[in-house]
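run12.cif follows (mmCIF, C-alpha atoms):
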```
data_coords
loop_
_atom_site.label_atom_id
_atom_site.label_comp_id
_atom_site.auth_asym_id
_atom_site.auth_seq_id
_atom_site.Cartn_x
_atom_site.Cartn_y
_atom_site.Cartn_z
CA MET A 901 40.22 -16.76 -48.36
CA THR A 902 42.66 -14.05 -49.49
CA PRO A 903 45.19 -14.70 -52.29
CA LEU A 904 48.05 -14.23 -49.80
CA LEU A 905 46.68 -16.86 -47.43
CA MET A 906 45.99 -19.20 -50.34
CA ALA A 907 49.61 -18.79 -51.55
CA ALA A 908 50.93 -19.43 -48.02
CA LEU A 909 48.83 -22.59 -47.77
CA GLY A 910 50.13 -23.69 -51.17
CA LEU A 911 53.75 -23.39 -49.96
CA LEU A 912 52.87 -25.27 -46.78
CA MET A 913 51.29 -28.04 -48.83
CA VAL A 914 54.41 -28.35 -50.98
CA ALA A 915 56.56 -28.63 -47.84
CA THR A 916 54.32 -31.16 -46.09
CA ALA A 917 53.94 -33.25 -49.27
CA PHE A 918 57.74 -33.24 -49.58
CA LEU A 919 58.02 -34.48 -46.00
CA SER A 920 55.46 -37.21 -46.59
CA GLY A 921 57.12 -38.13 -49.87
CA LEU A 922 60.40 -38.55 -48.02
CA PHE A 923 59.16 -40.55 -45.03
CA GLY A 924 55.67 -41.62 -46.14
CA MET A 925 54.36 -39.85 -43.03
CA ALA A 926 54.26 -36.71 -40.84
CA GLY A 927 53.38 -34.22 -43.59
CA GLY A 928 49.65 -34.78 -43.27
CA LEU A 929 49.95 -34.68 -39.49
CA ILE A 930 51.53 -31.22 -39.63
CA LEU A 931 49.15 -29.92 -42.29
CA ILE A 932 45.94 -30.86 -40.45
CA GLY A 933 47.22 -29.14 -37.31
CA VAL A 934 47.66 -25.89 -39.24
CA LEU A 935 44.31 -26.20 -41.03
CA LEU A 936 42.50 -26.81 -37.74
CA THR A 937 43.81 -23.48 -36.41
CA ILE A 938 42.52 -21.39 -39.35
CA LEU A 939 39.39 -23.18 -40.57
CA PRO A 940 36.25 -24.73 -39.06
CA LEU A 941 36.81 -28.44 -38.43
CA PRO A 942 34.62 -29.79 -41.31
CA SER A 943 36.23 -27.39 -43.82
CA ALA A 944 39.71 -28.28 -42.58
CA MET A 945 38.90 -31.98 -43.00
CA VAL A 946 37.62 -31.57 -46.56
CA LEU A 947 40.62 -29.49 -47.70
CA HIS A 948 43.00 -31.90 -45.98
CA ALA A 949 41.29 -34.85 -47.68
CA ILE A 950 41.72 -33.29 -51.14
CA THR A 951 45.36 -32.48 -50.46
CA GLN A 952 46.21 -35.91 -49.08
CA MET A 953 44.40 -37.78 -51.84
CA ALA A 954 46.52 -35.94 -54.40
CA SER A 955 49.75 -36.36 -52.44
CA ASN A 956 49.25 -40.05 -51.63
CA GLY A 957 47.76 -40.88 -55.02
CA TRP A 958 50.75 -39.42 -56.84
CA ARG A 959 53.15 -41.12 -54.40
CA ALA A 960 51.42 -44.47 -54.92
CA PHE A 961 51.73 -44.00 -58.68
CA LEU A 962 55.44 -43.12 -58.51
CA TRP A 963 56.18 -46.17 -56.31
CA ARG A 964 53.49 -48.49 -57.72
CA ALA A 965 55.97 -51.34 -58.29
CA HIS A 966 56.58 -51.51 -54.51
CA ILE A 967 52.94 -51.61 -53.29
CA ARG A 968 52.09 -54.70 -51.22
CA TRP A 969 48.48 -55.25 -52.25
CA ARG A 970 47.52 -57.89 -49.65
CA PRO A 971 47.91 -55.48 -46.69
CA VAL A 972 46.04 -52.81 -48.67
CA SER A 973 43.07 -55.12 -49.28
CA ILE A 974 42.93 -56.22 -45.64
CA TYR A 975 43.19 -52.62 -44.41
CA LEU A 976 40.23 -51.57 -46.58
CA ILE A 977 37.97 -54.10 -44.84
CA GLY A 978 38.48 -52.26 -41.55
CA CYS A 979 37.93 -48.89 -43.25
CA ALA A 980 34.55 -49.99 -44.59
CA LEU A 981 33.43 -51.18 -41.15
CA ALA A 982 34.52 -47.91 -39.54
CA LEU A 983 32.64 -45.78 -42.08
CA GLY A 984 29.48 -47.75 -41.39
CA ALA A 985 29.82 -47.25 -37.64
CA TRP A 986 30.61 -43.52 -37.84
CA SER A 987 27.83 -42.87 -40.35
CA ILE A 988 25.35 -43.93 -37.68
CA THR A 989 26.66 -41.53 -35.00
CA ARG A 990 27.90 -38.69 -37.29
CA TYR A 991 30.29 -37.67 -34.51
CA VAL A 992 32.44 -34.54 -35.01
CA PRO A 993 34.97 -33.85 -32.20
CA ASP A 994 36.07 -30.49 -30.81
CA LYS A 995 39.46 -29.19 -31.94
CA PRO A 996 41.26 -29.76 -28.60
CA VAL A 997 40.05 -33.36 -28.50
CA ALA A 998 41.16 -33.91 -32.09
CA LEU A 999 44.62 -32.49 -31.39
CA LEU A 1000 45.08 -34.60 -28.24
CA LEU A 1001 44.10 -37.74 -30.13
CA LEU A 1002 46.60 -36.84 -32.85
CA GLY A 1003 49.37 -36.72 -30.29
CA VAL A 1004 48.47 -39.72 -28.16
CA THR A 1005 47.98 -42.38 -30.85
CA PRO A 1006 51.64 -43.05 -31.79
CA PHE A 1007 52.58 -43.52 -28.14
CA MET A 1008 49.65 -45.89 -27.64
CA ALA A 1009 50.84 -48.00 -30.55
CA ARG A 1010 54.35 -48.22 -29.08
CA LEU A 1011 52.99 -49.49 -25.76
CA MET A 1012 51.57 -52.62 -27.36
CA PRO A 1013 52.98 -55.90 -25.93
CA LYS A 1014 55.93 -57.32 -27.87
CA GLY A 1015 53.93 -60.43 -28.59
CA LEU A 1016 51.52 -58.26 -30.59
CA LYS A 1017 54.18 -56.76 -32.83
CA PRO A 1018 52.48 -55.20 -35.86
CA ASN A 1019 52.25 -57.53 -38.84
CA PRO A 1020 50.79 -55.84 -41.95
CA ASP A 1021 50.27 -59.25 -43.61
CA SER A 1022 47.99 -60.50 -40.80
CA ILE A 1023 44.29 -60.50 -41.71
CA TRP A 1024 42.99 -59.81 -38.19
CA GLN A 1025 45.64 -57.19 -37.41
CA GLY A 1026 45.20 -55.43 -40.74
CA SER A 1027 41.41 -55.30 -40.37
CA CYS A 1028 41.67 -54.11 -36.77
CA TYR A 1029 44.20 -51.41 -37.61
CA GLY A 1030 42.09 -50.40 -40.61
CA PHE A 1031 39.02 -49.95 -38.39
CA ILE A 1032 40.93 -48.00 -35.72
CA CYS A 1033 42.87 -45.88 -38.22
CA MET A 1034 39.72 -44.99 -40.14
CA GLY A 1035 38.01 -44.07 -36.89
CA LEU A 1036 40.92 -41.80 -36.01
CA MET A 1037 40.80 -40.34 -39.51
CA LEU A 1038 37.17 -39.34 -39.00
CA MET A 1039 37.90 -37.86 -35.55
CA THR A 1040 41.27 -36.19 -36.11
CA GLY A 1041 41.77 -35.93 -39.87
CA VAL A 1042 44.75 -38.28 -39.96
CA SER A 1043 45.65 -41.79 -38.90
CA GLY A 1044 49.30 -41.44 -39.87
CA PRO A 1045 51.01 -41.94 -36.48
CA LEU A 1046 49.25 -45.24 -35.81
CA MET A 1047 49.50 -46.42 -39.41
CA ASP A 1048 53.18 -45.44 -39.52
CA THR A 1049 53.87 -47.56 -36.44
CA PHE A 1050 51.92 -50.45 -37.98
CA PHE A 1051 53.85 -50.52 -41.25
CA LEU A 1052 57.22 -49.80 -39.65
CA GLY A 1053 56.66 -52.88 -37.49
CA GLY A 1054 56.46 -55.15 -40.53
CA ASN A 1055 59.22 -56.60 -42.67
CA PHE A 1056 58.94 -53.83 -45.28
CA GLY A 1057 61.70 -51.84 -46.96
CA ARG A 1058 61.43 -48.05 -47.05
CA ARG A 1059 59.96 -48.05 -50.58
CA GLU A 1060 57.36 -50.65 -49.64
CA VAL A 1061 56.38 -48.70 -46.52
CA VAL A 1062 55.93 -45.48 -48.49
CA ALA A 1063 54.10 -47.11 -51.42
CA THR A 1064 51.78 -49.41 -49.45
CA LYS A 1065 50.84 -46.76 -46.93
CA ALA A 1066 50.14 -44.28 -49.75
CA ALA A 1067 47.70 -46.71 -51.38
CA CYS A 1068 45.88 -47.18 -48.05
CA GLN A 1069 45.79 -43.43 -47.43
CA VAL A 1070 44.15 -42.64 -50.78
CA ALA A 1071 41.16 -44.76 -49.79
CA SER A 1072 41.12 -43.43 -46.22
CA HIS A 1073 41.08 -39.79 -47.25
CA PHE A 1074 38.43 -40.46 -49.88
CA VAL A 1075 36.21 -41.91 -47.15
CA LYS A 1076 36.95 -38.84 -45.01
CA LEU A 1077 35.96 -36.56 -47.91
CA ILE A 1078 32.64 -38.36 -48.26
CA TYR A 1079 32.00 -38.20 -44.50
CA PHE A 1080 32.78 -34.50 -43.94
CA GLY A 1081 31.60 -33.38 -47.37
CA GLY A 1082 28.24 -35.09 -47.37
CA ILE A 1083 27.31 -37.39 -44.47
CA ILE A 1084 27.60 -35.17 -41.38
CA ASP A 1085 24.95 -32.57 -40.62
CA GLN A 1086 27.31 -29.56 -41.00
CA ALA A 1087 28.87 -30.79 -44.28
CA ALA A 1088 31.56 -28.51 -45.71
CA THR A 1089 32.20 -27.18 -49.21
CA LEU A 1090 35.53 -26.21 -50.81
CA ASP A 1091 36.65 -23.41 -53.13
CA PRO A 1092 37.61 -25.10 -56.46
CA VAL A 1093 40.60 -22.75 -56.89
CA LEU A 1094 41.94 -23.73 -53.49
CA ALA A 1095 41.35 -27.39 -54.33
CA ALA A 1096 43.39 -26.99 -57.54
CA VAL A 1097 46.21 -25.30 -55.61
CA ALA A 1098 46.18 -28.12 -53.07
CA ILE A 1099 46.40 -30.83 -55.74
CA ALA A 1100 49.22 -29.13 -57.65
CA ALA A 1101 51.22 -28.35 -54.50
CA SER A 1102 50.88 -31.91 -53.19
CA MET A 1103 52.07 -33.47 -56.45
CA LEU A 1104 55.02 -31.09 -56.64
CA GLY A 1105 56.20 -31.77 -53.09
CA THR A 1106 55.87 -35.53 -53.58
CA THR A 1107 57.90 -35.45 -56.79
CA LEU A 1108 60.70 -33.41 -55.23
CA ALA A 1109 61.17 -35.98 -52.45
CA ARG A 1110 61.69 -39.01 -54.68
CA ARG A 1111 65.44 -38.69 -55.31
CA ILE A 1112 66.23 -38.09 -51.64
CA LEU A 1113 64.26 -41.19 -50.61
CA GLU A 1114 66.22 -43.22 -53.17
CA ALA A 1115 69.49 -42.04 -51.58
CA MET A 1116 68.49 -42.97 -48.00
CA SER A 1117 69.19 -46.30 -46.34
CA ASP A 1118 66.42 -48.28 -44.61
CA LEU A 1119 68.09 -47.63 -41.23
CA GLN A 1120 68.20 -43.86 -41.82
CA PHE A 1121 64.59 -43.94 -42.95
CA ARG A 1122 63.32 -45.75 -39.84
CA THR A 1123 65.45 -43.71 -37.42
CA TRP A 1124 64.41 -40.29 -38.71
CA ALA A 1125 60.79 -41.33 -39.24
CA GLY A 1126 60.51 -42.43 -35.60
CA ARG A 1127 62.05 -39.18 -34.33
CA LEU A 1128 59.77 -37.10 -36.52
CA ILE A 1129 56.63 -38.86 -35.34
CA THR A 1130 57.61 -38.44 -31.68
CA THR A 1131 58.35 -34.72 -32.07
CA VAL A 1132 55.15 -33.84 -33.91
CA ALA A 1133 52.97 -36.01 -31.66
CA GLY A 1134 54.47 -34.42 -28.55
CA TYR A 1135 53.68 -30.95 -29.90
CA TYR A 1136 50.01 -31.82 -30.45
CA ILE A 1137 49.66 -33.22 -26.94
CA ILE A 1138 50.99 -29.96 -25.52
CA TYR A 1139 48.89 -27.78 -27.85
CA GLY A 1140 45.67 -29.75 -27.34
CA SER A 1141 46.17 -29.73 -23.55
CA TRP A 1142 46.73 -25.97 -23.62
CA LEU A 1143 43.49 -25.43 -25.55
CA LEU A 1144 41.55 -27.56 -23.08
CA LEU A 1145 43.06 -25.73 -20.11
CA SER A 1146 42.35 -22.36 -21.71
CA ARG A 1147 38.73 -23.33 -22.30
CA GLY A 1148 38.35 -24.58 -18.73
CA HIS A 1149 39.90 -21.36 -17.39
CA ALA A 1150 37.54 -19.23 -19.53
CA LEU A 1151 34.49 -21.19 -18.35
CA ALA A 1152 35.59 -20.78 -14.73
CA PHE A 1153 35.34 -17.01 -15.13
#
```

Could I get this file's structure written as structure tokens?
Amino acid sequence: MTPLLMAALGLLMVATAFLSGLFGMAGGLILIGVLLTILPLPSAMVLHAITQMASNGWRAFLWRAHIRWRPVSIYLIGCALALGAWSITRYVPDKPVALLLLGVTPFMARLMPKGLKPNPDSIWQGSCYGFICMGLMLMTGVSGPLMDTFFLGGNFGRREVVATKAACQVASHFVKLIYFGGIIDQAATLDPVLAAVAIAASMLGTTLARRILEAMSDLQFRTWAGRLITTVAGYYIIYGSWLLLSRGHALAF
């Protein structure tokens, strides 16, 4: 990777970490989409895991007083079950499939019956969401859209949403790092210089967002977070569909 490309990725990581630090979401969703366009899927997953572990870990530390540990513990049960299941199959999706899944998941979560409104304190819901989110993490690189919808559906303030989700994401991305860095057959490696850039950029972007989050109201937070998720998810549906259609057109000729 050239120094210019590495610097450009560093700036992107600062921007996406800032976005995630502000809303607790969306930054990782944007970053993985970019990484998937310039790197092989396993390498993109490993770099994304390092970046998101740094970003979410620093965010969890900054907002540690607001972490709701019961939902975190329940969520991790589902993550462990998902890792066991995916370790057996070692499935790695194509890029178009990964992008389509990225886009579809938030809309699927919103179509759930009202009687099944997300409750992060529920043991069965938390475990189920943990399993599904970890599965999506291993197929698409992120589980943010579905996890965002889950935590936004609970009786959490904006600080609790950001802090609790960050704690869950640290564990999720660590599992993803293990899976794509060692378990799958085509395991990826990562340039240590690029890893250092990713960690520093993620911590910087997260720190810059803290004061703005403090100034927001819970209503502003939920309104803009929902709009952001919808916009980014819609883009990935269009992009993933275009890649599939392009591939089908190429095969036809």

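For the residues A:Thr1005, A:Thr951, A:Ser920, A:Thr989, ranking by smallest atom-to-atom distance to Tyr1136 (chain A) using all atoms listed in the file places A:Thr1005 first.
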
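Across the chains present, the PyMOL selection byres ((chain A and resi 929-946) around 6) applied to this file returns Ala926, Gly927, Gly928, Leu947, His948, Ala949, Gly1041, Leu1077, Phe1080 and Ala1088 of chain A.
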
If you measure from CA of Ala1095 (chain A) to CA of Met913 (chain A), what distance in Å do you get, rounded to one decimal?
-> 11.4 Å

Contacts of region 908-976 of chain A with region 1097-1101 of chain A up to 8 Å, shortest pair per row, all atoms listed in the file, as JSON lines:
```
{"residue": "A:Gly910", "atom": "CA", "partner": "A:Ala1101", "partner_atom": "CA", "distance": 5.8}
{"residue": "A:Leu911", "atom": "CA", "partner": "A:Ala1101", "partner_atom": "CA", "distance": 7.2}
{"residue": "A:Met913", "atom": "CA", "partner": "A:Ala1101", "partner_atom": "CA", "distance": 5.7}
{"residue": "A:Val914", "atom": "CA", "partner": "A:Ala1101", "partner_atom": "CA", "distance": 4.8}
{"residue": "A:Ala917", "atom": "CA", "partner": "A:Ala1101", "partner_atom": "CA", "distance": 7.7}
{"residue": "A:Leu947", "atom": "CA", "partner": "A:Ala1098", "partner_atom": "CA", "distance": 7.9}
{"residue": "A:Ile950", "atom": "CA", "partner": "A:Ile1099", "partner_atom": "CA", "distance": 7.0}
{"residue": "A:Thr951", "atom": "CA", "partner": "A:Ala1098", "partner_atom": "CA", "distance": 5.1}
{"residue": "A:Ala954", "atom": "CA", "partner": "A:Ile1099", "partner_atom": "CA", "distance": 5.3}
{"residue": "A:Ser955", "atom": "CA", "partner": "A:Ile1099", "partner_atom": "CA", "distance": 7.3}
```

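Here CA of Tyr1139 (chain A) stands at a distance of 29.3 Å from CA of Gly1082 (chain A).
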
Can you list what the PyMOL selection byres ((chain A and resi 1131) around 12) grabs from this structure, as a PDB file with C-alpha atoms, in the frame of the given file?
```pdb
ATOM      1  CA  ALA A 926      54.260 -36.710 -40.840  1.00  0.00           C
ATOM      2  CA  LEU A 929      49.950 -34.680 -39.490  1.00  0.00           C
ATOM      3  CA  ILE A 930      51.530 -31.220 -39.630  1.00  0.00           C
ATOM      4  CA  LEU A1002      46.600 -36.840 -32.850  1.00  0.00           C
ATOM      5  CA  GLY A1003      49.370 -36.720 -30.290  1.00  0.00           C
ATOM      6  CA  VAL A1004      48.470 -39.720 -28.160  1.00  0.00           C
ATOM      7  CA  PRO A1006      51.640 -43.050 -31.790  1.00  0.00           C
ATOM      8  CA  PHE A1007      52.580 -43.520 -28.140  1.00  0.00           C
ATOM      9  CA  PRO A1045      51.010 -41.940 -36.480  1.00  0.00           C
ATOM     10  CA  TRP A1124      64.410 -40.290 -38.710  1.00  0.00           C
ATOM     11  CA  ALA A1125      60.790 -41.330 -39.240  1.00  0.00           C
ATOM     12  CA  GLY A1126      60.510 -42.430 -35.600  1.00  0.00           C
ATOM     13  CA  ARG A1127      62.050 -39.180 -34.330  1.00  0.00           C
ATOM     14  CA  LEU A1128      59.770 -37.100 -36.520  1.00  0.00           C
ATOM     15  CA  ILE A1129      56.630 -38.860 -35.340  1.00  0.00           C
ATOM     16  CA  THR A1130      57.610 -38.440 -31.680  1.00  0.00           C
ATOM     17  CA  VAL A1132      55.150 -33.840 -33.910  1.00  0.00           C
ATOM     18  CA  ALA A1133      52.970 -36.010 -31.660  1.00  0.00           C
ATOM     19  CA  GLY A1134      54.470 -34.420 -28.550  1.00  0.00           C
ATOM     20  CA  TYR A1135      53.680 -30.950 -29.900  1.00  0.00           C
ATOM     21  CA  TYR A1136      50.010 -31.820 -30.450  1.00  0.00           C
ATOM     22  CA  ILE A1137      49.660 -33.220 -26.940  1.00  0.00           C
ATOM     23  CA  ILE A1138      50.990 -29.960 -25.520  1.00  0.00           C
TER      24      ILE A1138
END
```

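CA of Phe1121 (chain A) to CA of Arg1058 (chain A) spans 6.6 Å [interatomic distance, one decimal].
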
Repair of region 1131-1146 of chain A at the level of N, CA and C atoms, as an mmCIF file, in the frame of the given file:
```cif
data_model
loop_
_atom_site.group_PDB
_atom_site.id
_atom_site.type_symbol
_atom_site.label_atom_id
_atom_site.label_comp_id
_atom_site.auth_asym_id
_atom_site.auth_seq_id
_atom_site.Cartn_x
_atom_site.Cartn_y
_atom_site.Cartn_z
ATOM 1 N N THR A 1131 58.308 -36.167 -32.230
ATOM 2 C CA THR A 1131 58.350 -34.720 -32.070
ATOM 3 C C THR A 1131 57.004 -34.072 -32.377
ATOM 4 N N VAL A 1132 56.420 -34.434 -33.513
ATOM 5 C CA VAL A 1132 55.150 -33.840 -33.910
ATOM 6 C C VAL A 1132 54.025 -34.255 -32.966
ATOM 7 N N ALA A 1133 54.002 -35.533 -32.573
ATOM 8 C CA ALA A 1133 52.970 -36.010 -31.660
ATOM 9 C C ALA A 1133 53.068 -35.306 -30.306
ATOM 10 N N GLY A 1134 54.279 -35.115 -29.815
ATOM 11 C CA GLY A 1134 54.470 -34.420 -28.550
ATOM 12 C C GLY A 1134 53.947 -32.992 -28.604
ATOM 13 N N TYR A 1135 54.172 -32.321 -29.743
ATOM 14 C CA TYR A 1135 53.680 -30.950 -29.900
ATOM 15 C C TYR A 1135 52.159 -30.894 -29.817
ATOM 16 N N TYR A 1136 51.469 -31.844 -30.449
ATOM 17 C CA TYR A 1136 50.010 -31.820 -30.450
ATOM 18 C C TYR A 1136 49.439 -32.133 -29.078
ATOM 19 N N ILE A 1137 50.109 -32.967 -28.310
ATOM 20 C CA ILE A 1137 49.660 -33.220 -26.940
ATOM 21 C C ILE A 1137 49.718 -31.936 -26.123
ATOM 22 N N ILE A 1138 50.827 -31.213 -26.258
ATOM 23 C CA ILE A 1138 50.990 -29.960 -25.520
ATOM 24 C C ILE A 1138 49.971 -28.912 -25.983
ATOM 25 N N TYR A 1139 49.804 -28.789 -27.307
ATOM 26 C CA TYR A 1139 48.890 -27.780 -27.850
ATOM 27 C C TYR A 1139 47.438 -28.099 -27.502
ATOM 28 N N GLY A 1140 47.040 -29.375 -27.662
ATOM 29 C CA GLY A 1140 45.670 -29.750 -27.340
ATOM 30 C C GLY A 1140 45.374 -29.575 -25.850
ATOM 31 N N SER A 1141 46.346 -29.913 -24.994
ATOM 32 C CA SER A 1141 46.170 -29.730 -23.550
ATOM 33 C C SER A 1141 46.024 -28.253 -23.201
ATOM 34 N N TRP A 1142 46.818 -27.411 -23.869
ATOM 35 C CA TRP A 1142 46.730 -25.970 -23.620
ATOM 36 C C TRP A 1142 45.364 -25.420 -24.014
ATOM 37 N N LEU A 1143 44.819 -25.885 -25.134
ATOM 38 C CA LEU A 1143 43.490 -25.430 -25.550
ATOM 39 C C LEU A 1143 42.420 -25.858 -24.557
ATOM 40 N N LEU A 1144 42.520 -27.084 -24.064
ATOM 41 C CA LEU A 1144 41.550 -27.560 -23.080
ATOM 42 C C LEU A 1144 41.644 -26.766 -21.776
ATOM 43 N N LEU A 1145 42.873 -26.499 -21.339
ATOM 44 C CA LEU A 1145 43.060 -25.730 -20.110
ATOM 45 C C LEU A 1145 42.567 -24.299 -20.263
ATOM 46 N N SER A 1146 42.811 -23.720 -21.447
ATOM 47 C CA SER A 1146 42.350 -22.360 -21.710
ATOM 48 C C SER A 1146 40.837 -22.288 -21.695
#
```
